[in-house]
Structure formats: C-alpha cells, structure tokens
>>> print(open('data_19.pdb').read())   # PDB, C-alpha atoms and all ligand atoms
ATOM      1  CA  MET A   1     -52.882 -50.445 -58.077  1.00  0.00           C
ATOM      2  CA  ASP A   2     -51.412 -48.220 -60.752  1.00  0.00           C
ATOM      3  CA  THR A   3     -49.055 -45.260 -61.074  1.00  0.00           C
ATOM      4  CA  ASN A   4     -49.438 -44.527 -57.336  1.00  0.00           C
ATOM      5  CA  ALA A   5     -48.318 -48.015 -56.303  1.00  0.00           C
ATOM      6  CA  VAL A   6     -45.610 -46.611 -54.020  1.00  0.00           C
ATOM      7  CA  LEU A   7     -48.201 -44.841 -51.883  1.00  0.00           C
ATOM      8  CA  TYR A   8     -50.494 -47.861 -51.771  1.00  0.00           C
ATOM      9  CA  GLN A   9     -47.800 -49.826 -49.941  1.00  0.00           C
ATOM     10  CA  ASP A  10     -48.488 -47.715 -46.837  1.00  0.00           C
ATOM     11  CA  LEU A  11     -52.170 -48.652 -46.757  1.00  0.00           C
ATOM     12  CA  GLU A  12     -53.682 -51.402 -44.646  1.00  0.00           C
ATOM     13  CA  LYS A  13     -56.606 -51.594 -47.056  1.00  0.00           C
ATOM     14  CA  ILE A  14     -58.630 -49.556 -49.521  1.00  0.00           C
ATOM     15  CA  LEU A  15     -61.880 -48.405 -47.922  1.00  0.00           C
ATOM     16  CA  VAL A  16     -63.589 -46.455 -50.716  1.00  0.00           C
ATOM     17  CA  THR A  17     -62.619 -46.823 -54.377  1.00  0.00           C
ATOM     18  CA  ARG A  18     -62.398 -43.988 -56.893  1.00  0.00           C
ATOM     19  CA  GLU A  19     -65.418 -45.439 -58.733  1.00  0.00           C
ATOM     20  CA  GLU A  20     -67.530 -45.404 -55.548  1.00  0.00           C
ATOM     21  CA  ILE A  21     -66.402 -41.841 -54.839  1.00  0.00           C
ATOM     22  CA  ALA A  22     -67.258 -40.616 -58.351  1.00  0.00           C
ATOM     23  CA  LYS A  23     -70.748 -42.169 -58.188  1.00  0.00           C
ATOM     24  CA  SER A  24     -71.504 -40.704 -54.773  1.00  0.00           C
ATOM     25  CA  VAL A  25     -70.180 -37.233 -55.668  1.00  0.00           C
ATOM     26  CA  LYS A  26     -72.345 -37.183 -58.796  1.00  0.00           C
ATOM     27  CA  GLU A  27     -75.457 -38.134 -56.781  1.00  0.00           C
ATOM     28  CA  LEU A  28     -74.661 -35.499 -54.168  1.00  0.00           C
ATOM     29  CA  GLY A  29     -74.236 -32.895 -56.914  1.00  0.00           C
ATOM     30  CA  GLN A  30     -77.728 -33.699 -58.188  1.00  0.00           C
ATOM     31  CA  LYS A  31     -79.224 -33.370 -54.686  1.00  0.00           C
ATOM     32  CA  LEU A  32     -77.508 -30.004 -54.147  1.00  0.00           C
ATOM     33  CA  THR A  33     -78.647 -28.794 -57.569  1.00  0.00           C
ATOM     34  CA  GLU A  34     -82.249 -29.529 -56.511  1.00  0.00           C
ATOM     35  CA  LYS A  35     -81.808 -27.956 -53.082  1.00  0.00           C
ATOM     36  CA  PHE A  36     -80.337 -24.700 -54.383  1.00  0.00           C
ATOM     37  CA  ARG A  37     -82.350 -24.314 -57.585  1.00  0.00           C
ATOM     38  CA  GLY A  38     -83.023 -20.574 -58.080  1.00  0.00           C
ATOM     39  CA  GLU A  39     -80.373 -19.584 -55.511  1.00  0.00           C
ATOM     40  CA  SER A  40     -76.748 -18.498 -55.682  1.00  0.00           C
ATOM     41  CA  PRO A  41     -75.100 -20.211 -52.705  1.00  0.00           C
ATOM     42  CA  VAL A  42     -71.471 -19.830 -51.686  1.00  0.00           C
ATOM     43  CA  PHE A  43     -69.590 -23.113 -51.409  1.00  0.00           C
ATOM     44  CA  ILE A  44     -66.761 -22.917 -48.901  1.00  0.00           C
ATOM     45  CA  CYS A  45     -63.888 -25.360 -49.163  1.00  0.00           C
ATOM     46  CA  ILE A  46     -62.239 -26.190 -45.852  1.00  0.00           C
ATOM     47  CA  LEU A  47     -58.597 -26.515 -46.911  1.00  0.00           C
ATOM     48  CA  LYS A  48     -56.606 -28.525 -47.484  1.00  0.00           C
ATOM     49  CA  GLY A  49     -58.354 -31.843 -46.922  1.00  0.00           C
ATOM     50  CA  ALA A  50     -61.581 -31.038 -48.805  1.00  0.00           C
ATOM     51  CA  SER A  51     -59.809 -29.643 -51.894  1.00  0.00           C
ATOM     52  CA  VAL A  52     -60.077 -32.707 -54.141  1.00  0.00           C
ATOM     53  CA  PHE A  53     -63.674 -33.475 -53.107  1.00  0.00           C
ATOM     54  CA  PHE A  54     -64.631 -29.799 -53.516  1.00  0.00           C
ATOM     55  CA  THR A  55     -63.328 -29.427 -57.074  1.00  0.00           C
ATOM     56  CA  ASP A  56     -65.099 -32.628 -58.152  1.00  0.00           C
ATOM     57  CA  LEU A  57     -68.340 -31.733 -56.350  1.00  0.00           C
ATOM     58  CA  ILE A  58     -68.852 -28.184 -57.643  1.00  0.00           C
ATOM     59  CA  ARG A  59     -68.583 -29.435 -61.222  1.00  0.00           C
ATOM     60  CA  GLU A  60     -71.578 -31.716 -60.584  1.00  0.00           C
ATOM     61  CA  ILE A  61     -73.781 -28.809 -59.434  1.00  0.00           C
ATOM     62  CA  ASP A  62     -75.876 -26.868 -61.930  1.00  0.00           C
ATOM     63  CA  VAL A  63     -76.644 -23.584 -60.102  1.00  0.00           C
ATOM     64  CA  PRO A  64     -74.711 -20.278 -60.251  1.00  0.00           C
ATOM     65  CA  LEU A  65     -72.712 -20.860 -57.079  1.00  0.00           C
ATOM     66  CA  THR A  66     -69.630 -18.968 -55.964  1.00  0.00           C
ATOM     67  CA  THR A  67     -66.644 -20.392 -54.103  1.00  0.00           C
ATOM     68  CA  ASP A  68     -64.468 -19.313 -51.217  1.00  0.00           C
ATOM     69  CA  PHE A  69     -61.706 -20.978 -49.219  1.00  0.00           C
ATOM     70  CA  MET A  70     -60.832 -21.236 -45.569  1.00  0.00           C
ATOM     71  CA  VAL A  71     -57.975 -22.827 -43.658  1.00  0.00           C
ATOM     72  CA  VAL A  72     -58.638 -24.033 -40.138  1.00  0.00           C
ATOM     73  CA  SER A  73     -56.202 -25.628 -37.745  1.00  0.00           C
ATOM     74  CA  SER A  74     -56.401 -29.394 -37.644  1.00  0.00           C
ATOM     75  CA  TYR A  75     -54.284 -32.377 -36.662  1.00  0.00           C
ATOM     76  CA  GLY A  76     -50.839 -31.318 -37.902  1.00  0.00           C
ATOM     77  CA  SER A  77     -48.705 -34.420 -38.135  1.00  0.00           C
ATOM     78  CA  SER A  78     -50.589 -36.328 -35.443  1.00  0.00           C
ATOM     79  CA  THR A  79     -53.635 -38.575 -35.919  1.00  0.00           C
ATOM     80  CA  LYS A  80     -55.529 -37.329 -32.853  1.00  0.00           C
ATOM     81  CA  THR A  81     -57.507 -34.099 -32.528  1.00  0.00           C
ATOM     82  CA  THR A  82     -56.207 -31.274 -30.376  1.00  0.00           C
ATOM     83  CA  GLY A  83     -59.731 -30.014 -29.717  1.00  0.00           C
ATOM     84  CA  VAL A  84     -58.585 -26.512 -30.615  1.00  0.00           C
ATOM     85  CA  VAL A  85     -60.108 -24.860 -33.683  1.00  0.00           C
ATOM     86  CA  LYS A  86     -58.444 -21.812 -35.173  1.00  0.00           C
ATOM     87  CA  ILE A  87     -59.134 -19.955 -38.437  1.00  0.00           C
ATOM     88  CA  VAL A  88     -55.738 -19.719 -40.122  1.00  0.00           C
ATOM     89  CA  LYS A  89     -57.014 -18.188 -43.386  1.00  0.00           C
ATOM     90  CA  ASP A  90     -60.409 -16.533 -43.545  1.00  0.00           C
ATOM     91  CA  LEU A  91     -62.795 -15.998 -46.473  1.00  0.00           C
ATOM     92  CA  ASP A  92     -62.195 -13.321 -49.114  1.00  0.00           C
ATOM     93  CA  LYS A  93     -65.797 -12.027 -49.040  1.00  0.00           C
ATOM     94  CA  PRO A  94     -68.500 -11.522 -46.371  1.00  0.00           C
ATOM     95  CA  VAL A  95     -71.371 -14.033 -46.272  1.00  0.00           C
ATOM     96  CA  VAL A  96     -74.148 -11.793 -44.897  1.00  0.00           C
ATOM     97  CA  GLY A  97     -77.496 -12.955 -46.330  1.00  0.00           C
ATOM     98  CA  LYS A  98     -75.892 -15.789 -48.323  1.00  0.00           C
ATOM     99  CA  HIS A  99     -76.721 -19.483 -48.305  1.00  0.00           C
ATOM    100  CA  VAL A 100     -73.451 -20.981 -47.110  1.00  0.00           C
ATOM    101  CA  VAL A 101     -72.399 -24.566 -47.789  1.00  0.00           C
ATOM    102  CA  LEU A 102     -69.402 -25.757 -45.782  1.00  0.00           C
ATOM    103  CA  VAL A 103     -67.563 -28.523 -47.609  1.00  0.00           C
ATOM    104  CA  GLU A 104     -65.390 -30.700 -45.376  1.00  0.00           C
ATOM    105  CA  ASP A 105     -63.362 -33.854 -46.012  1.00  0.00           C
ATOM    106  CA  ILE A 106     -64.303 -35.719 -42.841  1.00  0.00           C
ATOM    107  CA  VAL A 107     -66.327 -35.199 -39.692  1.00  0.00           C
ATOM    108  CA  ASP A 108     -64.669 -36.887 -36.742  1.00  0.00           C
ATOM    109  CA  SER A 109     -65.279 -35.391 -33.271  1.00  0.00           C
ATOM    110  CA  GLY A 110     -67.464 -32.747 -34.968  1.00  0.00           C
ATOM    111  CA  MET A 111     -65.671 -29.921 -33.166  1.00  0.00           C
ATOM    112  CA  THR A 112     -64.377 -28.143 -36.274  1.00  0.00           C
ATOM    113  CA  LEU A 113     -67.764 -27.892 -37.973  1.00  0.00           C
ATOM    114  CA  SER A 114     -69.724 -27.193 -34.827  1.00  0.00           C
ATOM    115  CA  TYR A 115     -67.394 -24.229 -34.243  1.00  0.00           C
ATOM    116  CA  LEU A 116     -67.616 -23.043 -37.864  1.00  0.00           C
ATOM    117  CA  LYS A 117     -71.411 -23.325 -37.876  1.00  0.00           C
ATOM    118  CA  LYS A 118     -71.530 -20.855 -34.977  1.00  0.00           C
ATOM    119  CA  VAL A 119     -69.051 -18.556 -36.724  1.00  0.00           C
ATOM    120  CA  PHE A 120     -71.249 -18.385 -39.839  1.00  0.00           C
ATOM    121  CA  ALA A 121     -74.453 -17.940 -37.866  1.00  0.00           C
ATOM    122  CA  ASN A 122     -72.786 -14.942 -36.157  1.00  0.00           C
ATOM    123  CA  ARG A 123     -71.795 -13.590 -39.555  1.00  0.00           C
ATOM    124  CA  GLU A 124     -75.515 -13.538 -40.468  1.00  0.00           C
ATOM    125  CA  ALA A 125     -75.480 -16.101 -43.266  1.00  0.00           C
ATOM    126  CA  ALA A 126     -79.022 -16.834 -44.533  1.00  0.00           C
ATOM    127  CA  SER A 127     -78.401 -20.536 -43.923  1.00  0.00           C
ATOM    128  CA  VAL A 128     -75.472 -22.852 -43.189  1.00  0.00           C
ATOM    129  CA  SER A 129     -75.412 -26.380 -44.628  1.00  0.00           C
ATOM    130  CA  ILE A 130     -72.788 -28.997 -43.917  1.00  0.00           C
ATOM    131  CA  VAL A 131     -71.511 -31.313 -46.617  1.00  0.00           C
ATOM    132  CA  THR A 132     -68.861 -33.921 -45.915  1.00  0.00           C
ATOM    133  CA  LEU A 133     -67.219 -36.634 -47.944  1.00  0.00           C
ATOM    134  CA  LEU A 134     -66.711 -38.925 -44.946  1.00  0.00           C
ATOM    135  CA  ASP A 135     -68.336 -39.251 -41.549  1.00  0.00           C
ATOM    136  CA  LYS A 136     -67.095 -41.177 -38.516  1.00  0.00           C
ATOM    137  CA  PRO A 137     -70.255 -41.093 -36.352  1.00  0.00           C
ATOM    138  CA  ALA A 138     -68.698 -43.324 -33.661  1.00  0.00           C
ATOM    139  CA  ARG A 139     -66.162 -40.591 -32.840  1.00  0.00           C
ATOM    140  CA  ARG A 140     -68.568 -37.707 -32.313  1.00  0.00           C
ATOM    141  CA  ARG A 141     -67.878 -35.577 -29.204  1.00  0.00           C
ATOM    142  CA  VAL A 142     -70.333 -32.762 -29.867  1.00  0.00           C
ATOM    143  CA  GLU A 143     -73.815 -32.765 -31.338  1.00  0.00           C
ATOM    144  CA  LEU A 144     -73.749 -31.804 -34.997  1.00  0.00           C
ATOM    145  CA  ASN A 145     -76.321 -32.009 -37.769  1.00  0.00           C
ATOM    146  CA  VAL A 146     -74.524 -33.152 -40.934  1.00  0.00           C
ATOM    147  CA  ASP A 147     -76.795 -32.319 -43.882  1.00  0.00           C
ATOM    148  CA  TYR A 148     -75.063 -34.413 -46.551  1.00  0.00           C
ATOM    149  CA  SER A 149     -72.462 -37.155 -46.193  1.00  0.00           C
ATOM    150  CA  CYS A 150     -71.174 -39.432 -48.948  1.00  0.00           C
ATOM    151  CA  PHE A 151     -69.827 -42.282 -46.804  1.00  0.00           C
ATOM    152  CA  ASN A 152     -70.017 -43.359 -43.169  1.00  0.00           C
ATOM    153  CA  ILE A 153     -66.752 -45.032 -42.197  1.00  0.00           C
ATOM    154  CA  PRO A 154     -65.493 -46.910 -39.114  1.00  0.00           C
ATOM    155  CA  ASP A 155     -63.092 -45.463 -36.552  1.00  0.00           C
ATOM    156  CA  ALA A 156     -59.805 -45.700 -38.483  1.00  0.00           C
ATOM    157  CA  PHE A 157     -57.317 -43.123 -39.721  1.00  0.00           C
ATOM    158  CA  VAL A 158     -57.821 -42.714 -43.460  1.00  0.00           C
ATOM    159  CA  VAL A 159     -55.895 -40.964 -46.225  1.00  0.00           C
ATOM    160  CA  GLY A 160     -56.308 -40.254 -49.933  1.00  0.00           C
ATOM    161  CA  TYR A 161     -58.589 -38.174 -52.193  1.00  0.00           C
ATOM    162  CA  GLY A 162     -57.369 -35.012 -50.426  1.00  0.00           C
ATOM    163  CA  LEU A 163     -56.905 -36.436 -46.929  1.00  0.00           C
ATOM    164  CA  ASP A 164     -53.344 -36.463 -45.634  1.00  0.00           C
ATOM    165  CA  TYR A 165     -51.022 -37.815 -43.041  1.00  0.00           C
ATOM    166  CA  ASP A 166     -48.176 -35.370 -42.445  1.00  0.00           C
ATOM    167  CA  GLU A 167     -49.158 -33.621 -45.731  1.00  0.00           C
ATOM    168  CA  LYS A 168     -48.696 -36.815 -47.767  1.00  0.00           C
ATOM    169  CA  TYR A 169     -51.151 -39.174 -49.527  1.00  0.00           C
ATOM    170  CA  ARG A 170     -53.503 -36.390 -50.697  1.00  0.00           C
ATOM    171  CA  ASN A 171     -52.884 -37.478 -54.286  1.00  0.00           C
ATOM    172  CA  LEU A 172     -54.132 -41.047 -53.822  1.00  0.00           C
ATOM    173  CA  PRO A 173     -57.233 -41.404 -56.027  1.00  0.00           C
ATOM    174  CA  ASP A 174     -58.882 -43.863 -53.585  1.00  0.00           C
ATOM    175  CA  ILE A 175     -59.469 -43.617 -49.821  1.00  0.00           C
ATOM    176  CA  GLY A 176     -57.606 -46.109 -47.650  1.00  0.00           C
ATOM    177  CA  VAL A 177     -56.783 -46.939 -44.044  1.00  0.00           C
ATOM    178  CA  LEU A 178     -53.213 -45.898 -43.304  1.00  0.00           C
ATOM    179  CA  HIS A 179     -51.099 -48.706 -41.904  1.00  0.00           C
ATOM    180  CA  PRO A 180     -50.435 -47.954 -38.195  1.00  0.00           C
ATOM    181  CA  ARG A 181     -46.707 -48.654 -38.657  1.00  0.00           C
ATOM    182  CA  ILE A 182     -46.522 -45.311 -40.533  1.00  0.00           C
ATOM    183  CA  TYR A 183     -47.521 -43.221 -37.484  1.00  0.00           C
ATOM    184  CA  GLU A 184     -46.772 -45.444 -34.493  1.00  0.00           C
ATOM    185  CA  ASN A 185     -43.038 -44.728 -34.238  1.00  0.00           C
TER
HETATM  186  P1  LIG B 201     -63.136 -32.960 -36.120  1.00  0.00           P
HETATM  187  O1  LIG B 201     -63.095 -31.542 -35.693  1.00  0.00           O
HETATM  188  O2  LIG B 201     -64.473 -33.400 -36.665  1.00  0.00           O
HETATM  189  O3  LIG B 201     -62.653 -33.886 -35.038  1.00  0.00           O
HETATM  190  O4  LIG B 201     -62.016 -33.144 -37.198  1.00  0.00           O
HETATM  191  C1  LIG B 201     -62.145 -32.831 -38.513  1.00  0.00           C
HETATM  192  C2  LIG B 201     -60.758 -32.799 -39.146  1.00  0.00           C
HETATM  193  O5  LIG B 201     -59.896 -33.783 -38.582  1.00  0.00           O
HETATM  194  C3  LIG B 201     -60.837 -33.162 -40.599  1.00  0.00           C
HETATM  195  O6  LIG B 201     -61.067 -32.033 -41.399  1.00  0.00           O
HETATM  196  C4  LIG B 201     -59.482 -33.782 -40.846  1.00  0.00           C
HETATM  197  O7  LIG B 201     -58.548 -32.755 -41.145  1.00  0.00           O
HETATM  198  C5  LIG B 201     -59.083 -34.399 -39.548  1.00  0.00           C
HETATM  199  N1  LIG B 201     -59.341 -35.868 -39.525  1.00  0.00           N
HETATM  200  C6  LIG B 201     -60.214 -36.531 -38.768  1.00  0.00           C
HETATM  201  N2  LIG B 201     -60.177 -37.853 -39.007  1.00  0.00           N
HETATM  202  C7  LIG B 201     -59.253 -38.028 -39.966  1.00  0.00           C
HETATM  203  C8  LIG B 201     -58.761 -39.185 -40.683  1.00  0.00           C
HETATM  204  O8  LIG B 201     -59.161 -40.339 -40.498  1.00  0.00           O
HETATM  205  N3  LIG B 201     -57.803 -38.943 -41.624  1.00  0.00           N
HETATM  206  C9  LIG B 201     -57.314 -37.697 -41.883  1.00  0.00           C
HETATM  207  N4  LIG B 201     -56.382 -37.605 -42.823  1.00  0.00           N
HETATM  208  N5  LIG B 201     -57.748 -36.594 -41.239  1.00  0.00           N
HETATM  209  C10 LIG B 201     -58.720 -36.763 -40.296  1.00  0.00           C
END
>>> encode(input="data_19.pdb", output="structure tokens", more="lines below")
Ligand code: 5GP
Amino acid sequence: MDTNAVLYQDLEKILVTREEIAKSVKELGQKLTEKFRGESPVFICILKGASVFFTDLIREIDVPLTTDFMVVSSYGSSTKTTGVVKIVKDLDKPVVGKHVVLVEDIVDSGMTLSYLKKVFANREAASVSIVTLLDKPARRRVELNVDYSCFNIPDAFVVGYGLDYDEKYRNLPDIGVLHPRIYEN
C-alpha cells in the first residue's frame, strides 16, 4: 500500500503485483523481439483497458514496430459481457500485408478478440497475433487461440494496471479483485 491507498480499500485482494507484472512484461517483450526480428509489425492497442500494458510492453520490444489504437465496445459500467462487439474508433492506417499484433488487457468470453481476428483477416493482414495481459480460460464462450498471455487468472472481476470498473481504478499499479460490495448495489 502506498500513495494509492484509497483505491486499495475497494479491493478484496491483490492478485498480481507490480513486480510480477514488470517481470512478465519484460519476458514477453523478449519473446516478441525474437518472433518479429527482421519485420516491422503493427502493434494495436485495444483501448482503454490495454493502454498501460501496451505502453510498458512496446518499450521492451527491440524491432521497428509501429502503433495504432482502436476502441471497441465493452462492459460499460457493468461487470458482465453484453456479447455485442462494436468498433467505436477504428485504426488510422490500413493493415494490408502487415503483421498485426492485437494487444488486449484481458480475454474473458473471447468474443471481442474472436470478432477482431476475423475483421483483420478480412482486411488482408499478413498475420494476426493475439497478446493479452490476463486470461480467464474458465470463462471462454468461443474458441480462440491466444498466442501470448502473461497471467492466467480465476473467474473474478479484476481492476488495476489499466483495467477499470466504471472508468475507475485504471491507475492502480497492481491488479486486484474488486470487492463485490462496489458493484452489487
Ligand atoms: P471478452 O470479449 O473476452 O468477454 O471481454 C474482453 C473485455 O471484457 C476486456 O477487454 C475487458 O474490457 C472486459 N473484461 C472482462 N473481464 C474483466 C475483468 O475482470 N475486469 C475488467 N475490468 N474488465 C474485464
């Protein structure tokens, strides 16, 4: 607990510490550097949840990548998926012939990324890889091949390190389980 102590009071427990995150992101950066050696992939940040992970990750990768940003519809202020995926803000540049890396905060039902994978295949990307900070395999509703995941977590609603509840908690440096009293009323 430190300067964010106010926010920590709403957590049931801390699930992944900032030290564990930093170590895993560094290792993932090394793997992606190897994978894309000699290439110039485009790393796509799925906003807003992946923003903190994305900015840390790209600085651990030593290839001449480019970045782009996309906003897709997600949970709003609820903690359950709507099952509807909508592109709210699209990319700035086309991805034809590019190696695309989709960077997501968390894969839950898998519906968002399974939809986006199809979108990028239709846009004639050379390849589409999926990178996620967190994975909740127990919650999967569609088949999805996740190429890189930093942490598998249990079925609980988590916040911090970019992940929100009702737009809050993104600035927590660690990842924690939100206390149900926050969203049960
Ligand atoms: P999926 O389409 O895989 O069900 O959902 C992916 C999106 O749901 C994530 O990008 C994230 O916005 C949201 N989500 C799923 N589980 C959680 C969670 O535990 N905490 C937060 N903050 N968002 C989640």
>>> resolve_selection(input="data_19.pdb", expression="the PyMOL selection byres (((not hetatm)) within 7 of (chain B and resi 201))", output="list in words")
Gly49, Ser74, Tyr75, Thr79, Thr81, Glu104, Asp105, Ile106, Val107, Asp108, Ser109, Gly110, Met111, Thr112, Leu113, Ala156, Phe157, Val158, Val159, Leu163, Asp164 and Tyr165 of chain A
>>> closest_residue(input="data_19.pdb", among="A:Leu178, A:Val146, A:Leu11, A:Val100", to="Ser127 (chain A)", atoms="only C-alpha atoms")
A:Val100
>>> resolve_selection(input="data_19.pdb", expression="the PyMOL selection byres (((chain A and resi 176) around 10) and not hetatm)", output="VMD selection string")
chain A and resid 8 10 to 17 156 to 161 163 169 172 to 175 177 to 179
>>> closest_residue(input="data_19.pdb", among="A:Lys93, A:Lys35, A:Arg141, A:His99", to="Val128 (chain A)", atoms="only C-alpha atoms")
A:His99
>>> atom_distance(input="data_19.pdb", atom1="CA of Asp92 (chain A)", atom2="CA of Asp68 (chain A)")
6.7 Å
>>> residues_around(input="data_19.pdb", residues="Lys31 (chain A)", least_positions_apart="4", cutoff="12 Å", atoms="all atoms listed in the file", output="PyMOL selection string")
chain A and resi 24-27+35-37+57-58+60-63+131+147-150
>>> atom_distance(input="data_19.pdb", atom1="CA of Leu91 (chain A)", atom2="CA of Arg123 (chain A)")
11.6 Å
>>> closest_residue(input="data_19.pdb", among="A:Asn185, A:Ser129, A:Asn171, A:Asn152", to="Leu32 (chain A)", atoms="all atoms listed in the file")
A:Ser129
>>> resolve_selection(input="data_19.pdb", expression="the PyMOL selection byres (((chain A and resi 95) around 12) and not hetatm)", output="PyMOL selection string")
chain A and resi 40-44+66-68+90-94+96-102+119-128
>>> write_last_selection(input="data_19.pdb", atoms="C-alpha atoms", output="CSV table (one decimal), keeping the file's coordinate frame")
chain,number,residue,atom,x,y,z
A,40,SER,CA,-76.7,-18.5,-55.7
A,41,PRO,CA,-75.1,-20.2,-52.7
A,42,VAL,CA,-71.5,-19.8,-51.7
A,43,PHE,CA,-69.6,-23.1,-51.4
A,44,ILE,CA,-66.8,-22.9,-48.9
A,66,THR,CA,-69.6,-19.0,-56.0
A,67,THR,CA,-66.6,-20.4,-54.1
A,68,ASP,CA,-64.5,-19.3,-51.2
A,90,ASP,CA,-60.4,-16.5,-43.5
A,91,LEU,CA,-62.8,-16.0,-46.5
A,92,ASP,CA,-62.2,-13.3,-49.1
A,93,LYS,CA,-65.8,-12.0,-49.0
A,94,PRO,CA,-68.5,-11.5,-46.4
A,96,VAL,CA,-74.1,-11.8,-44.9
A,97,GLY,CA,-77.5,-13.0,-46.3
A,98,LYS,CA,-75.9,-15.8,-48.3
A,99,HIS,CA,-76.7,-19.5,-48.3
A,100,VAL,CA,-73.5,-21.0,-47.1
A,101,VAL,CA,-72.4,-24.6,-47.8
A,102,LEU,CA,-69.4,-25.8,-45.8
A,119,VAL,CA,-69.1,-18.6,-36.7
A,120,PHE,CA,-71.2,-18.4,-39.8
A,121,ALA,CA,-74.5,-17.9,-37.9
A,122,ASN,CA,-72.8,-14.9,-36.2
A,123,ARG,CA,-71.8,-13.6,-39.6
A,124,GLU,CA,-75.5,-13.5,-40.5
A,125,ALA,CA,-75.5,-16.1,-43.3
A,126,ALA,CA,-79.0,-16.8,-44.5
A,127,SER,CA,-78.4,-20.5,-43.9
A,128,VAL,CA,-75.5,-22.9,-43.2
>>> closest_residue(input="data_19.pdb", among="A:Ile182, A:Lys86, A:Phe151, A:Asn145", to="Ile130 (chain A)", atoms="all atoms listed in the file")
A:Asn145
>>> axis_aligned_box(input="data_19.pdb", around="region 152-160 of chain A", padding_each_side="6 Å", output="AutoDock Vina command-line options")
--center_x -63.0 --center_y -43.6 --center_z -43.2 --size_x 26.1 --size_y 18.7 --size_z 25.4
>>> closest_residue(input="data_19.pdb", among="A:Val103, A:Leu28, A:Ala138, A:Leu144", to="Phe54 (chain A)", atoms="all atoms listed in the file")
A:Val103
>>> closest_residue(input="data_19.pdb", among="A:Pro154, A:Pro137, A:Gly29, A:Gly162", to="Leu47 (chain A)", atoms="all atoms listed in the file")
A:Gly162
>>> atom_distance(input="data_19.pdb", atom1="CA of Phe69 (chain A)", atom2="CA of Ile87 (chain A)")
11.1 Å
